[in-house]
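Novice: Please find coords.tsv (TSV, C-alpha atoms) on the next line:
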chain	number	residue	atom	x	y	z
M	1	MET	CA	103.16	44.48	97.37
M	2	GLU	CA	104.54	43.76	93.90
M	3	ILE	CA	101.99	44.16	91.15
M	4	PRO	CA	102.52	41.69	88.32
M	5	SER	CA	103.00	42.92	84.80
M	6	LYS	CA	100.00	43.28	82.57
M	7	ASN	CA	101.72	41.05	80.01
M	8	ALA	CA	102.91	38.46	82.53
M	9	GLU	CA	101.33	35.55	80.63
M	10	GLU	CA	102.97	36.65	77.37
M	11	GLU	CA	106.31	36.93	79.11
M	12	GLY	CA	106.04	33.44	80.57
M	13	GLY	CA	105.15	34.58	84.07
M	14	GLU	CA	102.36	33.15	86.20
M	15	LEU	CA	99.99	34.49	88.77
M	16	ASN	CA	100.36	32.41	91.92
M	17	VAL	CA	97.06	31.74	93.61
M	18	PRO	CA	97.03	29.52	96.74
M	19	GLU	CA	95.66	26.08	95.98
M	20	GLY	CA	92.00	25.71	96.80
M	21	GLU	CA	91.34	29.42	96.83
M	22	ASP	CA	89.64	31.48	94.15
M	23	LEU	CA	90.95	34.84	93.06
M	24	GLN	CA	88.72	37.28	94.94
M	25	SER	CA	87.62	40.69	93.78
M	26	ASP	CA	86.52	43.55	96.02
M	27	ALA	CA	83.85	44.65	93.53
M	28	PRO	CA	80.23	43.77	94.43
M	29	LYS	CA	78.70	40.91	92.49
M	30	GLU	CA	76.01	41.54	89.95
M	31	GLY	CA	72.65	41.63	91.60
M	32	GLY	CA	74.18	42.33	95.01
M	33	GLU	CA	73.53	45.30	97.25
M	34	ASP	CA	74.46	48.78	96.06
M	35	LEU	CA	77.67	50.30	97.44
M	36	ASP	CA	76.69	52.73	100.18
M	37	ILE	CA	79.47	55.20	101.04
M	38	ALA	CA	77.48	57.72	103.03
M	39	ASP	CA	76.57	57.59	106.72
M	40	GLU	CA	72.91	57.24	107.47
M	41	ASP	CA	72.79	60.61	109.22
M	42	GLU	CA	74.43	62.53	106.36
M	43	GLU	CA	71.98	63.75	103.73
M	44	ASP	CA	73.87	66.69	102.24
M	45	LEU	CA	75.92	64.79	99.67
M	46	GLN	CA	74.63	61.60	97.96
M	47	LEU	CA	76.93	59.65	95.69
M	48	ASP	CA	74.80	57.43	93.46
M	49	VAL	CA	76.39	54.72	91.34
M	50	PRO	CA	73.49	53.40	89.20
M	51	GLN	CA	73.79	50.12	87.37
M	52	GLU	CA	74.51	50.45	83.70
M	53	GLU	CA	71.42	50.68	81.53
M	54	GLU	CA	71.29	49.60	77.96
M	55	GLY	CA	73.08	52.18	75.86
M	56	GLY	CA	73.99	54.14	78.96
M	57	SER	CA	77.14	54.78	80.91
M	58	ASN	CA	78.38	54.12	84.39
M	59	ASP	CA	80.09	57.53	84.73
M	60	LEU	CA	80.29	58.72	88.34
M	61	GLN	CA	77.57	61.27	89.01
M	62	LEU	CA	78.08	63.81	91.79
M	63	ASP	CA	74.82	65.35	92.94
M	64	VAL	CA	75.16	68.71	94.68
M	65	PRO	CA	72.00	70.44	95.94
M	66	GLU	CA	71.02	73.27	93.66
M	67	GLU	CA	70.96	76.80	95.04
M	68	GLU	CA	67.54	77.75	96.34
M	69	GLU	CA	65.84	80.86	95.08
M	70	GLY	CA	67.20	83.87	96.92
M	71	GLY	CA	69.78	81.75	98.74
M	72	SER	CA	73.43	80.90	98.35
M	73	ASN	CA	75.59	77.84	98.66
M	74	ASP	CA	78.70	79.86	99.62
M	75	VAL	CA	80.54	78.75	102.71
M	76	GLN	CA	80.02	81.35	105.41
M	77	LEU	CA	83.13	82.19	107.41
M	78	ASP	CA	83.43	83.99	110.71
M	79	VAL	CA	85.88	86.88	110.99
M	80	PRO	CA	88.48	86.03	113.66
M	81	TYR	CA	90.94	88.43	112.00
M	82	LEU	CA	88.86	91.39	113.17
M	83	GLU	CA	87.72	92.85	116.43
M	84	GLY	CA	84.78	95.12	117.08
M	85	GLN	CA	81.22	95.15	115.85
M	86	ASN	CA	79.23	96.56	112.95
M	87	VAL	CA	81.38	94.85	110.36
M	88	GLU	CA	80.23	96.14	107.01
M	89	GLU	CA	79.75	93.31	104.53
M	90	LYS	CA	78.98	93.87	100.86
M	91	GLU	CA	78.57	91.29	98.14
M	92	GLN	CA	79.94	92.35	94.78
M	93	GLU	CA	77.21	92.97	92.24
M	94	ASN	CA	78.82	90.62	89.74
M	95	ASP	CA	80.88	87.46	89.79
M	96	GLU	CA	83.89	88.93	87.97
M	97	PRO	CA	87.34	88.52	89.59
M	98	TYR	CA	88.48	91.48	91.67
M	99	GLN	CA	90.80	93.60	89.54
M	100	PHE	CA	94.05	94.56	91.25
M	101	LYS	CA	96.21	97.43	90.12
M	102	GLY	CA	99.97	97.04	90.01
M	103	SER	CA	103.27	98.37	88.82
M	104	LYS	CA	104.21	98.16	85.16
M	105	ARG	CA	107.90	98.20	85.97
M	106	SER	CA	108.03	96.01	89.05
M	107	GLY	CA	105.48	93.46	87.87
M	108	LEU	CA	103.86	93.21	91.30
M	109	ARG	CA	100.39	92.62	89.97
M	110	PRO	CA	98.64	89.56	91.34
M	111	SER	CA	96.11	87.71	89.21
M	112	ILE	CA	93.96	86.34	91.99
M	113	LYS	CA	90.53	85.11	90.98
M	114	ALA	CA	88.80	86.66	93.96
M	115	LYS	CA	85.17	85.99	93.10
M	116	ARG	CA	82.27	86.71	95.46
M	117	THR	CA	84.44	89.13	97.40
M	118	ARG	CA	83.00	90.51	100.61
M	119	VAL	CA	83.99	93.93	101.89
M	120	LEU	CA	84.66	93.54	105.61
M	121	ARG	CA	86.02	97.00	106.36
M	122	GLU	CA	86.38	100.21	104.39
M	123	GLY	CA	88.40	103.31	105.08
M	124	SER	CA	89.27	106.34	103.03
M	125	SER	CA	91.12	109.63	103.08
M	126	GLU	CA	91.63	112.46	100.65
M	127	SER	CA	94.22	110.45	98.74
M	128	LYS	CA	93.35	106.75	98.97
M	129	ASP	CA	90.74	104.05	99.33
M	130	ILE	CA	91.47	101.27	101.84
M	131	ARG	CA	89.59	97.99	101.99
M	132	LEU	CA	89.78	94.78	103.95
M	133	LEU	CA	88.22	92.12	101.73
M	134	GLU	CA	87.49	88.44	102.12
M	135	THR	CA	88.26	86.17	99.17
M	136	GLU	CA	87.72	82.49	98.52
M	137	SER	CA	91.36	81.74	97.74
M	138	LEU	CA	93.42	83.87	100.13
M	139	GLY	CA	91.11	84.68	103.01
M	140	LYS	CA	91.21	88.29	104.10
M	141	ILE	CA	93.30	90.66	101.99
M	142	LEU	CA	94.30	94.29	102.53
M	143	VAL	CA	93.94	96.53	99.49
M	144	SER	CA	94.93	100.19	99.09
M	145	ASP	CA	93.79	102.03	95.96
M	146	GLY	CA	93.28	98.68	94.25
M	147	LYS	CA	96.82	97.48	95.08
M	148	LEU	CA	97.20	94.29	97.10
M	149	LEU	CA	99.27	95.00	100.21
M	150	SER	CA	99.06	91.62	101.89
M	151	ALA	CA	96.95	88.49	102.19
M	152	GLU	CA	96.03	86.79	105.44
M	153	LYS	CA	97.10	83.33	104.30
M	154	ASP	CA	100.66	84.16	103.25
M	155	GLU	CA	101.68	87.59	104.57
M	156	PHE	CA	103.88	85.82	107.13
M	157	ILE	CA	106.13	84.67	104.27
M	158	LEU	CA	106.66	88.24	103.06
M	159	HIS	CA	107.39	89.71	106.46
M	160	GLU	CA	109.42	86.87	107.94
M	161	CYS	CA	111.68	86.97	104.89
M	162	LEU	CA	111.98	90.74	105.01
M	163	VAL	CA	112.88	90.97	108.70
M	164	HIS	CA	114.44	87.86	110.22
M	165	PRO	CA	117.45	87.09	108.01
M	166	ALA	CA	118.89	90.57	108.65
M	167	LEU	CA	118.30	90.38	112.41
M	168	LEU	CA	119.70	86.85	112.60
M	169	PHE	CA	122.85	87.79	110.66
M	170	HIS	CA	123.41	90.76	112.98
M	171	HIS	CA	125.33	89.74	116.09
M	172	ASN	CA	123.23	91.80	118.56
M	173	PRO	CA	120.46	93.97	117.03
M	174	LYS	CA	118.99	96.53	119.44
M	175	SER	CA	117.70	99.37	117.26
M	176	VAL	CA	115.72	99.06	114.01
M	177	PHE	CA	114.36	101.69	111.61
M	178	ILE	CA	111.46	100.60	109.34
M	179	MET	CA	110.89	102.60	106.16
M	180	GLY	CA	107.16	102.32	105.52
M	181	GLY	CA	105.57	99.22	107.00
M	182	ALA	CA	102.24	100.92	107.74
M	183	GLN	CA	100.47	97.57	108.26
M	184	GLY	CA	102.55	96.87	111.37
M	185	SER	CA	103.54	93.40	110.16
M	186	SER	CA	107.25	94.19	109.88
M	187	ALA	CA	107.23	95.74	113.35
M	188	ARG	CA	105.47	92.62	114.66
M	189	GLU	CA	108.26	90.40	113.32
M	190	VAL	CA	111.06	92.69	114.56
M	191	LEU	CA	109.60	92.70	118.07
M	192	LYS	CA	109.85	88.90	118.25
M	193	HIS	CA	113.60	89.33	118.79
M	194	LYS	CA	114.56	89.42	122.47
M	195	THR	CA	117.41	91.92	122.06
M	196	ILE	CA	115.32	94.69	120.47
M	197	GLU	CA	115.13	97.89	122.53
M	198	LYS	CA	113.79	100.42	120.00
M	199	VAL	CA	111.87	100.22	116.73
M	200	VAL	CA	111.12	103.36	114.71
M	201	MET	CA	108.40	102.84	112.10
M	202	CYS	CA	108.36	105.83	109.76
M	203	THR	CA	105.62	106.33	107.17
M	204	ASN	CA	103.65	109.24	105.78
M	205	ASP	CA	100.54	107.04	105.47
M	206	GLU	CA	98.87	107.78	108.79
M	207	GLU	CA	95.43	106.79	107.52
M	208	LEU	CA	96.62	103.30	106.61
M	209	VAL	CA	98.39	102.93	109.96
M	210	ASN	CA	95.20	103.84	111.85
M	211	PHE	CA	93.13	101.50	109.70
M	212	CYS	CA	95.49	98.55	110.30
M	213	ARG	CA	95.94	99.31	113.99
M	214	THR	CA	92.15	99.14	114.40
M	215	ASN	CA	91.31	96.22	112.13
M	216	LEU	CA	94.27	93.83	111.90
M	217	THR	CA	94.08	91.98	115.18
M	218	LYS	CA	97.24	89.99	114.45
M	219	ASN	CA	99.26	93.21	114.66
M	220	LYS	CA	97.47	94.92	117.55
M	221	GLU	CA	99.92	93.73	120.17
M	222	ALA	CA	102.85	95.12	118.16
M	223	PHE	CA	101.22	98.55	117.98
M	224	ARG	CA	100.85	98.50	121.79
M	225	ARG	CA	104.51	97.70	122.51
M	226	GLU	CA	106.46	100.50	124.19
M	227	GLU	CA	109.52	99.71	122.06
M	228	LEU	CA	107.63	100.85	118.94
M	229	HIS	CA	107.81	104.54	118.01
M	230	LEU	CA	105.60	105.81	115.16
M	231	VAL	CA	106.80	108.72	113.03
M	232	PHE	CA	104.45	110.10	110.36
M	233	LYS	CA	106.90	111.60	107.88
M	234	HIS	CA	108.61	110.62	104.65
M	235	SER	CA	111.14	108.02	105.74
M	236	MET	CA	113.84	109.38	103.40
M	237	ASN	CA	113.59	112.85	104.92
M	238	GLU	CA	113.53	111.47	108.45
M	239	LEU	CA	116.69	109.42	107.90
M	240	GLU	CA	118.44	112.27	106.13
M	241	ASN	CA	117.75	114.72	108.98
M	242	SER	CA	118.28	112.28	111.83
M	243	LYS	CA	121.50	112.00	113.80
M	244	GLN	CA	120.61	108.62	115.27
M	245	LYS	CA	122.18	105.43	113.95
M	246	PHE	CA	120.58	101.99	113.80
M	247	ASP	CA	121.72	98.40	113.81
M	248	VAL	CA	119.25	97.43	111.09
M	249	ILE	CA	117.25	99.48	108.56
M	250	VAL	CA	114.31	97.73	106.88
M	251	GLY	CA	112.91	98.96	103.54
M	252	ASP	CA	109.25	97.98	103.56
M	253	LEU	CA	108.11	100.17	100.67
M	254	GLU	CA	105.86	99.41	97.71
M	255	GLN	CA	107.75	98.62	94.52
M	256	HIS	CA	105.90	100.98	92.17
M	257	LEU	CA	108.97	102.53	90.60
M	258	GLU	CA	107.22	104.37	87.82
M	259	GLU	CA	105.81	106.70	90.47
M	260	ASP	CA	108.12	109.63	91.28
M	261	ALA	CA	107.64	109.29	95.05
M	262	CYS	CA	109.19	105.82	95.02
M	263	VAL	CA	112.17	106.32	92.70
M	264	MET	CA	114.60	107.89	95.16
M	265	PRO	CA	114.95	104.93	97.59
M	266	TYR	CA	116.54	102.80	94.87
M	267	THR	CA	119.33	105.11	93.71
M	268	ARG	CA	123.02	104.83	94.50
M	269	SER	CA	123.05	108.32	96.00
M	270	PHE	CA	120.32	107.34	98.46
M	271	TYR	CA	122.25	104.31	99.70
M	272	GLU	CA	125.55	106.21	99.89
M	273	LYS	CA	124.33	109.49	101.39
M	274	ILE	CA	121.37	108.44	103.55
M	275	ILE	CA	121.38	104.73	104.37
M	276	LYS	CA	125.07	104.07	105.07
M	277	PRO	CA	125.58	107.11	107.37
M	278	ARG	CA	122.63	105.97	109.51
M	279	LEU	CA	123.94	102.43	110.06
M	280	ASN	CA	126.14	101.44	112.97
M	281	PRO	CA	129.36	99.50	112.24
M	282	MET	CA	128.37	96.07	110.91
M	283	GLY	CA	124.84	97.42	110.49
M	284	ILE	CA	122.52	95.79	107.95
M	285	PHE	CA	120.13	97.30	105.41
M	286	VAL	CA	117.47	95.03	103.89
M	287	THR	CA	114.76	95.84	101.36
M	288	LEU	CA	111.90	94.22	99.51
M	289	ALA	CA	113.17	94.12	95.93
M	290	GLY	CA	110.20	93.00	93.83
M	291	PRO	CA	109.62	89.90	91.68
M	292	ALA	CA	112.59	87.59	91.15
M	293	GLY	CA	111.10	84.95	88.86
M	294	VAL	CA	112.42	83.67	85.55
M	295	PHE	CA	110.28	86.11	83.57
M	296	THR	CA	110.03	88.95	86.10
M	297	HIS	CA	113.46	89.49	87.67
M	298	LYS	CA	114.62	92.06	85.10
M	299	GLY	CA	112.61	94.97	86.40
M	300	THR	CA	113.31	95.87	89.96
M	301	PHE	CA	115.15	92.99	91.59
M	302	THR	CA	118.29	92.93	89.46
M	303	SER	CA	118.61	96.71	89.49
M	304	ILE	CA	118.32	96.94	93.29
M	305	TYR	CA	120.82	94.10	93.70
M	306	GLN	CA	123.47	95.70	91.48
M	307	THR	CA	122.92	99.16	92.94
M	308	LEU	CA	123.47	97.85	96.47
M	309	ASN	CA	126.39	95.76	95.24
M	310	SER	CA	128.06	98.94	93.98
M	311	CYS	CA	127.68	100.61	97.40
M	312	PHE	CA	128.26	97.89	100.01
M	313	GLN	CA	131.07	95.42	100.51
M	314	TYR	CA	128.79	92.57	101.62
M	315	VAL	CA	125.50	91.92	99.78
M	316	ARG	CA	123.17	88.90	99.96
M	317	PRO	CA	120.13	88.48	97.67
M	318	TYR	CA	117.47	85.89	98.48
M	319	HIS	CA	113.99	84.88	97.41
M	320	ALA	CA	110.81	82.96	98.24
M	321	HIS	CA	107.58	82.05	96.50
M	322	VAL	CA	104.61	84.12	97.67
M	323	PRO	CA	101.31	82.56	96.50
M	324	SER	CA	99.26	85.76	96.61
M	325	TYR	CA	101.53	87.29	93.96
M	326	GLU	CA	101.82	84.05	92.00
M	327	ASP	CA	105.55	84.67	91.64
M	328	ILE	CA	108.95	84.48	93.28
M	329	ILE	CA	109.63	87.60	95.37
M	330	GLY	CA	113.15	88.83	96.07
M	331	TRP	CA	114.88	90.69	98.89
M	332	VAL	CA	118.40	92.09	99.14
M	333	MET	CA	120.37	92.81	102.31
M	334	ALA	CA	123.69	94.61	102.60
M	335	ARG	CA	126.07	95.12	105.50
M	336	THR	CA	128.61	97.76	106.41
M	337	PRO	CA	132.11	96.63	107.40
M	338	GLY	CA	133.09	96.40	111.05
M	339	GLY	CA	136.63	97.75	110.90
M	340	ALA	CA	140.05	96.14	110.47
M	341	ALA	CA	139.08	93.07	112.51
M	342	ASP	CA	136.03	92.36	110.34
M	343	GLU	CA	136.58	89.06	108.55
M	344	THR	CA	132.97	87.95	108.10
M	345	ASN	CA	130.43	88.57	105.37
M	346	LEU	CA	126.78	87.83	104.72
M	347	ASN	CA	127.59	84.82	102.55
M	348	GLN	CA	129.27	82.94	105.37
M	349	CYS	CA	126.41	81.19	107.12
M	350	ASP	CA	125.73	77.82	108.67
M	351	ILE	CA	122.39	76.04	108.90
M	352	ASP	CA	122.93	74.77	112.44
M	353	MET	CA	124.12	78.19	113.60
M	354	LEU	CA	121.02	79.87	112.18
M	355	ASP	CA	118.74	77.27	113.78
M	356	ARG	CA	120.39	77.90	117.13
M	357	GLN	CA	119.93	81.64	116.72
M	358	ILE	CA	116.24	81.20	115.94
M	359	ILE	CA	115.83	79.17	119.12
M	360	THR	CA	117.77	81.57	121.36
M	361	LYS	CA	117.07	85.02	119.87
M	362	ILE	CA	113.36	84.79	118.96
M	363	GLU	CA	110.42	84.65	121.36
M	364	GLY	CA	108.92	81.17	121.17
M	365	GLY	CA	112.07	79.75	119.56
M	366	GLU	CA	110.62	79.19	116.09
M	367	LEU	CA	109.21	80.86	113.00
M	368	GLN	CA	106.27	79.86	110.85
M	369	TYR	CA	108.11	79.80	107.51
M	370	LEU	CA	111.84	80.27	107.95
M	371	SER	CA	114.43	77.82	109.27
M	372	GLY	CA	118.19	77.72	109.00
M	373	ALA	CA	117.99	75.56	105.88
M	374	THR	CA	115.35	77.81	104.30
M	375	ILE	CA	117.47	80.91	104.82
M	376	VAL	CA	120.59	79.30	103.35
M	377	GLY	CA	118.69	77.81	100.41
M	378	SER	CA	116.87	81.07	99.61
M	379	SER	CA	120.09	82.55	98.18
M	380	LEU	CA	120.43	79.81	95.56
M	381	PHE	CA	119.12	81.11	92.23
M	382	ASN	CA	118.65	79.38	88.91
M	383	LYS	CA	121.02	80.16	86.03
M	384	ILE	CA	118.66	82.58	84.31
M	385	VAL	CA	118.12	84.82	87.33
M	386	SER	CA	121.78	84.58	88.40
M	387	SER	CA	122.87	85.68	84.95
M	388	GLY	CA	120.37	88.54	85.03
M	389	MET	CA	121.78	89.77	88.36
M	390	MET	CA	125.39	89.58	87.18
M	391	ASN	CA	124.72	91.30	83.84
M	392	GLU	CA	122.40	94.06	85.08
M	393	THR	CA	123.66	97.53	84.06
M	394	ASP	CA	120.77	99.69	85.27
M	395	ILE	CA	122.21	101.36	88.39
M	396	PRO	CA	120.24	104.55	89.17
M	397	LYS	CA	122.65	107.18	90.50
M	398	GLU	CA	120.44	110.19	91.09
M	399	ASP	CA	116.77	110.84	91.84
Using the file provided, produce a representation of the structure as structure tokens.

Specialist:
Amino acid sequence: MEIPSKNAEEEGGELNVPEGEDLQSDAPKEGGEDLDIADEDEEDLQLDVPQEEEGGSNDLQLDVPEEEEGGSNDVQLDVPYLEGQNVEEKEQENDEPYQFKGSKRSGLRPSIKAKRTRVLREGSSESKDIRLLETESLGKILVSDGKLLSAEKDEFILHECLVHPALLFHHNPKSVFIMGGAQGSSAREVLKHKTIEKVVMCTNDEELVNFCRTNLTKNKEAFRREELHLVFKHSMNELENSKQKFDVIVGDLEQHLEEDACVMPYTRSFYEKIIKPRLNPMGIFVTLAGPAGVFTHKGTFTSIYQTLNSCFQYVRPYHAHVPSYEDIIGWVMARTPGGAADETNLNQCDIDMLDRQIITKIEGGELQYLSGATIVGSSLFNKIVSSGMMNETDIPKED
């Protein structure tokens, strides 16, 4: 329907009204019945539109029942994410947002306004405090020592992006080594691929693994799979001392690079001396590489990209927006050559080919977030981030 111009009369235009008919308005006539928008059986929310009084205003008033003494108007949610009984629930003493810790260098510090947070599960060890919390904005979130590990509503974005591009670019992945990944989410995504025969998940955080295996029902099936082998050691030491090679190695480690324990996995010597020798021909290494936004890419992401670019012949960076971190998050994958006959690289990809691989290689034939077009488009960066990647000079060589 074309809406005539407000100044139609001034411009010489006319409003055409059929002869014999008045121009009708949908508004109720003065003195008519009040507009009733609520069903008779609904009494919770009343929308009153009083007639204008002298000197008053007809602003829309929204009446919400006030909180009764000792009560609460919070929406009460069940806990389908958990199994078991005796769920411990605690209401925070104040209404302040939950304060998350984060990395100064990597920038992975979410600013979620998680008011009225309920503690659903708690666990602890000599070295860390683990909590499963429920928030208004992100549902259930997993927190370790105040650091957000994942959020129920968007963790699938993180772990699909970390795992599936590498396994889809590999022609026939059978063996996968996961560095870290204590939540089990990366293992869950790897095990969706029909060709997988063995997954080694190596982490020194046994307490977190046990907590997640017990409480994160979405990952329970993955922990039960016979293809999954748990190793409770430092993943660097395990790879260095192992003689086994893998088709894909996944770096699912926290990006807190100011901490000494996490510096080594991002050096050139680590990639050259530990990662590359443990990859089969045409094997792929992929790692979470931290924030990749306009203001945050110059910390971890660009350094990891250039370090891998100095070690591998084929490198592909990519990114996605993750709401729980309120930023763009980046990943980088790199592939070893496949000999004299190798003429392919990670940057040669086709949307239709990737869609076909998702259908044929993955159980169920689809993913929640990724598609062929999403994977191809995720490697397109804006000029600022692209320039930052190309001009990065920080390439750590030693631990």

Novice: When distances are computed from only C-alpha atoms, which of M:Phe177, M:His164, M:Ser235, M:Gly330 shows the smallest separation from Gly299 in chain M?

Specialist: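 Once distances to Gly299 in chain M are computed over only C-alpha atoms, the minimum belongs to M:Gly330.
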
Novice: Enter the distance from CA of Phe246 in chain M to CA of Met353 in chain M, in Å, rounded to one decimal.

Specialist: 24.1 Å

Novice: Taking only C-alpha atoms into account, which of M:Pro165, M:Gly251, M:Gly146, M:Gly338 comes nearest Leu133 in chain M?

Specialist: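 Comparing M:Pro165, M:Gly251, M:Gly146, M:Gly338 against Leu133 in chain M, the winner is M:Gly146.
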
Novice: Restricting the calculation to all atoms listed in the file, which member of M:Glu392, M:Thr217, M:Gly364, M:Leu230 is positioned closest to Phe301 in chain M?

Specialist: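 With all atoms listed in the file as the atom set, the closest residue is M:Glu392.
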
Novice: Given the choices M:Val119, M:Met389, M:Ile358, M:Val231, which gets closest to Leu308 in chain M if the distance is worked out from all atoms listed in the file?

Specialist: M:Met389

Novice: Which residues, written as a PyMOL selection string, have at least one atom at most 7 Å from Gly180 in chain M, with all atoms listed in the file counted and residues fewer than 2 positions away on the same chain left out?

Specialist: chain M and resi 178+182+201-203+235+251-253

Novice: Limited to C-alpha atoms, could you put the picked residues into a file as a PDB file, keeping the file's coordinate frame?

Specialist:
ATOM      1  CA  ILE M 178     111.460 100.600 109.340  1.00  0.00           C
ATOM      2  CA  ALA M 182     102.240 100.920 107.740  1.00  0.00           C
ATOM      3  CA  MET M 201     108.400 102.840 112.100  1.00  0.00           C
ATOM      4  CA  CYS M 202     108.360 105.830 109.760  1.00  0.00           C
ATOM      5  CA  THR M 203     105.620 106.330 107.170  1.00  0.00           C
ATOM      6  CA  SER M 235     111.140 108.020 105.740  1.00  0.00           C
ATOM      7  CA  GLY M 251     112.910  98.960 103.540  1.00  0.00           C
ATOM      8  CA  ASP M 252     109.250  97.980 103.560  1.00  0.00           C
ATOM      9  CA  LEU M 253     108.110 100.170 100.670  1.00  0.00           C
TER      10      LEU M 253
END

Novice: For Pro277 in chain M, list every protein, DNA or RNA residue within 12 Å, evaluated using only C-alpha atoms, and leave out those in the same chain fewer than 3 positions away; present the list as a list in words.

Specialist: Leu239, Glu240, Asn241, Ser242, Lys243, Gln244, Lys245, Phe246, Asp247, Ile249, Ser269, Phe270, Tyr271, Glu272, Lys273, Ile274, Asn280, Pro281, Met282, Gly283, Ile284, Phe285 and Thr336 of chain M

Novice: What's the separation between CA of Glu197 in chain M and CA of Leu149 in chain M, in Å to one decimal place?

Specialist: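 Separating CA of Glu197 in chain M from CA of Leu149 in chain M is a distance of 27.5 Å.
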
Novice: Val294 in chain M: which residues within 10 Å, counting only C-alpha atoms, same-chain residues fewer than 5 positions away excluded, as a tab-separated table (two decimals) with C-alpha atoms, in the frame of the given file?

Specialist:
chain	number	residue	atom	x	y	z
M	327	ASP	CA	105.55	84.67	91.64
M	328	ILE	CA	108.95	84.48	93.28
M	381	PHE	CA	119.12	81.11	92.23
M	382	ASN	CA	118.65	79.38	88.91
M	383	LYS	CA	121.02	80.16	86.03
M	384	ILE	CA	118.66	82.58	84.31
M	385	VAL	CA	118.12	84.82	87.33
M	386	SER	CA	121.78	84.58	88.40
M	388	GLY	CA	120.37	88.54	85.03

Novice: Using only C-alpha atoms, which residue out of M:Leu346, M:Ala320, M:Leu168, M:Cys212 lies closest to Lys192 in chain M?

Specialist: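 Once distances to Lys192 in chain M are computed over only C-alpha atoms, the minimum belongs to M:Leu168.
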